Amino acid sequence: MARVEVPLLRVEQLQTHFLTQAGVARAVDGVTFEVAPGEVLGLVGESGSGKSVTGFSILGLVDEPGRIVGGRVLFEGENLVAAGEARLRQLRGNRIAMIFQDPMMTLNPVLRIDTQMIEAVRAHRRVDRAEARRRARDALGRVGIPAPEERLSAYPHQFSGGMRQRVAIAIALLNEPRVIIADEPTTALDVTIQAQILYEMQKLCGETGTALIWITHDLAVVSGLADRVCVMYAGRIVESGPVDAVLDRPLHPYTAGLIGSVPSRNRRGARLAQIPGMTPSLFALPSGCAFRARCPNAGEDCAREAPPESVPEVGRTLRCYHPWQAERAS
């Protein structure tokens with residue numbers, strides 16, 4: 001798949017903090033990545049690592065007490081952090097779309113599906129109602145909803161949870177966005193429909209040049225879908241690179257721990273590996289490396305200062321003083 005030098009979306013040193021009475025939670029702390037036209041970027045990590053907040057920050061959807069306190073989000077060269085709310089409304093659902101983990105964050109429970117989808121089209125396109133309805137019907141068909149013409153007249157409560165998620169995905173595809181941010185959108189879907197959605201997403205990116213940021217904790221999905229992957233921990237990207245390189249030869253101990261805990265990678269009957277301890281509180285991150293209390297490779301230098309980003313090889317980044325070595329896992 002061809003790549004261009006200029007990224008479609010570039011996030012630079014993004015910082016999103018939650019300012020509460022209990023203190024400041026650094027949910028996103030200096031995140032940098034980019035995604036090119038037609039590229040699929042996987043953003044992975046445990047719950048609380050900052051993946052979803054990163055996605056919300058790109059579109060300016062962080063609610064109080066959350067606040068973007070630093071960095072830039074460049075979409076086609078325009079800094080969205082500095083953009084006003086009116087400009088962001090022009091972009092949301094049009095040039096940049098987001099698929100939420102909970103479909104009811106997208107759907108209005110008291111409006112029919114056709115009403116919601118037609119409004120989503122006509123808010124950004126000068127088309128008549130018949131053309132908007134046709135687009136809505138076709139979008140429902142693409143995500144595997146049977147009898148899409150009939151289901152347009154239904155209300156959200158008449159769909160199952162998985163069907164509602166497919167409707168939410170169809171709404172994101174309506175206006176052929178340049179960037180799609182997908183926040184674990186296939187969690188509620190069965191395996192067959194999940195495979196169909198992933199195929200449609202890959203096809204969309206390849207045919208239209210749409211960039212896709214896929215936020216998930218499922219490494220199996222990332223391995224089959226993404227071109228590159230960023231691994232997040234405690235608000236920072238600790239490792240990134242081509243998906244095959246990162247998953248086949250992880251350099252950060254946290255990445256290695258995630259991969260080692262996947263059942264399919266272990267021998268039948270063997271105990272699953274696990275990462276000891278828990279993710280630290282964002283209100284009280286330890287000094288130095290945030291992962292050091294759970295890391296088998298941690299040394300004294302890990303406690304003094306957080307490791308800076310390094311480039312161990314072309315196309316990969318790493319934040320670690322003592323990279324994982326394959327022989328240690330054996």
# chains A, B, ... in the order shown; residues from 1 in each chain; ligands from 1
call {"tool": "closest_atom_pairs", "arguments": {"of": "range 202-262 of chain A", "to": "range 77-97 of chain A", "cutoff": "10 Å", "atoms": "only C-alpha atoms", "output": "JSON lines"}}
result
{"residue": "A:Thr210", "atom": "CA", "partner": "A:Ile96", "partner_atom": "CA", "distance": 9.6}
{"residue": "A:Ala211", "atom": "CA", "partner": "A:Ile96", "partner_atom": "CA", "distance": 9.4}
{"residue": "A:Leu212", "atom": "CA", "partner": "A:Ala97", "partner_atom": "CA", "distance": 9.7}
call {"tool": "select_by_dssp", "arguments": {"residues": "range 63-265 of chain A", "states": "strand (DSSP E)", "output": "PyMOL selection string"}}
result
chain A and resi 66-75+78-79+96-99+179-183+211-216+228-233+236-242
call {"tool": "residues_around", "arguments": {"residues": "Gln158 in chain A", "least_positions_apart": "5", "cutoff": "12 Å", "atoms": "only C-alpha atoms", "output": "PDB file with C-alpha atoms, in the first residue's frame"}}
result
ATOM      1  CA  PRO A 109     -33.392   6.787  21.346  1.00  0.00           C
ATOM      2  CA  VAL A 110     -36.529   8.769  20.399  1.00  0.00           C
ATOM      3  CA  LEU A 111     -35.786   9.266  16.687  1.00  0.00           C
ATOM      4  CA  ARG A 112     -36.121   6.742  13.880  1.00  0.00           C
ATOM      5  CA  ILE A 113     -32.953   5.489  12.245  1.00  0.00           C
ATOM      6  CA  ARG A 151     -34.877  -1.169   9.107  1.00  0.00           C
ATOM      7  CA  LEU A 152     -34.537   2.526   8.315  1.00  0.00           C
ATOM      8  CA  SER A 153     -38.012   3.001   9.779  1.00  0.00           C
ATOM      9  CA  MET A 163     -27.193  -4.190  15.507  1.00  0.00           C
ATOM     10  CA  ARG A 164     -27.137  -0.737  17.106  1.00  0.00           C
ATOM     11  CA  VAL A 167     -25.904   1.361  12.698  1.00  0.00           C
TER      12      VAL A 167
END
call {"tool": "select_by_dssp", "arguments": {"residues": "range 232-300 of chain A", "states": "alpha helix (DSSP H)", "output": "ChimeraX atom specification"}}
result
/A:243-248,253-260,300
call {"tool": "write_last_selection", "arguments": {"atoms": "N, CA and C atoms", "output": "PDB file, in the first residue's frame"}}
result
ATOM      1  N   VAL A 243       3.141  -3.151  12.542  1.00  0.00           N
ATOM      2  CA  VAL A 243       2.445  -4.093  13.414  1.00  0.00           C
ATOM      3  C   VAL A 243       3.137  -5.445  13.475  1.00  0.00           C
ATOM      4  N   ASP A 244       3.625  -5.941  12.360  1.00  0.00           N
ATOM      5  CA  ASP A 244       4.282  -7.255  12.374  1.00  0.00           C
ATOM      6  C   ASP A 244       5.567  -7.218  13.191  1.00  0.00           C
ATOM      7  N   ALA A 245       6.328  -6.148  13.051  1.00  0.00           N
ATOM      8  CA  ALA A 245       7.587  -6.041  13.787  1.00  0.00           C
ATOM      9  C   ALA A 245       7.340  -5.954  15.288  1.00  0.00           C
ATOM     10  N   VAL A 246       6.364  -5.150  15.701  1.00  0.00           N
ATOM     11  CA  VAL A 246       6.098  -4.969  17.127  1.00  0.00           C
ATOM     12  C   VAL A 246       5.551  -6.248  17.752  1.00  0.00           C
ATOM     13  N   LEU A 247       4.618  -6.911  17.089  1.00  0.00           N
ATOM     14  CA  LEU A 247       4.014  -8.104  17.668  1.00  0.00           C
ATOM     15  C   LEU A 247       4.927  -9.326  17.595  1.00  0.00           C
ATOM     16  N   ASP A 248       5.760  -9.408  16.570  1.00  0.00           N
ATOM     17  CA  ASP A 248       6.683 -10.544  16.460  1.00  0.00           C
ATOM     18  C   ASP A 248       7.926 -10.370  17.319  1.00  0.00           C
ATOM     19  N   PRO A 253       8.985  -4.153  27.663  1.00  0.00           N
ATOM     20  CA  PRO A 253       8.476  -5.250  28.503  1.00  0.00           C
ATOM     21  C   PRO A 253       6.956  -5.258  28.639  1.00  0.00           C
ATOM     22  N   TYR A 254       6.331  -4.081  28.594  1.00  0.00           N
ATOM     23  CA  TYR A 254       4.875  -4.034  28.681  1.00  0.00           C
ATOM     24  C   TYR A 254       4.245  -4.653  27.442  1.00  0.00           C
ATOM     25  N   THR A 255       4.763  -4.330  26.256  1.00  0.00           N
ATOM     26  CA  THR A 255       4.260  -4.932  25.020  1.00  0.00           C
ATOM     27  C   THR A 255       4.415  -6.442  25.057  1.00  0.00           C
ATOM     28  N   ALA A 256       5.589  -6.891  25.526  1.00  0.00           N
ATOM     29  CA  ALA A 256       5.831  -8.334  25.628  1.00  0.00           C
ATOM     30  C   ALA A 256       4.848  -8.985  26.598  1.00  0.00           C
ATOM     31  N   GLY A 257       4.514  -8.277  27.689  1.00  0.00           N
ATOM     32  CA  GLY A 257       3.560  -8.815  28.650  1.00  0.00           C
ATOM     33  C   GLY A 257       2.168  -8.937  28.061  1.00  0.00           C
ATOM     34  N   LEU A 258       1.746  -7.942  27.290  1.00  0.00           N
ATOM     35  CA  LEU A 258       0.438  -8.000  26.637  1.00  0.00           C
ATOM     36  C   LEU A 258       0.361  -9.181  25.683  1.00  0.00           C
ATOM     37  N   ILE A 259       1.401  -9.350  24.885  1.00  0.00           N
ATOM     38  CA  ILE A 259       1.411 -10.442  23.910  1.00  0.00           C
ATOM     39  C   ILE A 259       1.446 -11.794  24.620  1.00  0.00           C
ATOM     40  N   GLY A 260       2.233 -11.884  25.696  1.00  0.00           N
ATOM     41  CA  GLY A 260       2.347 -13.140  26.424  1.00  0.00           C
ATOM     42  C   GLY A 260       1.071 -13.565  27.119  1.00  0.00           C
ATOM     43  N   GLU A 300      17.781   0.644  38.713  1.00  0.00           N
ATOM     44  CA  GLU A 300      17.784   1.885  39.491  1.00  0.00           C
ATOM     45  C   GLU A 300      17.556   3.109  38.609  1.00  0.00           C
TER      46      GLU A 300
END
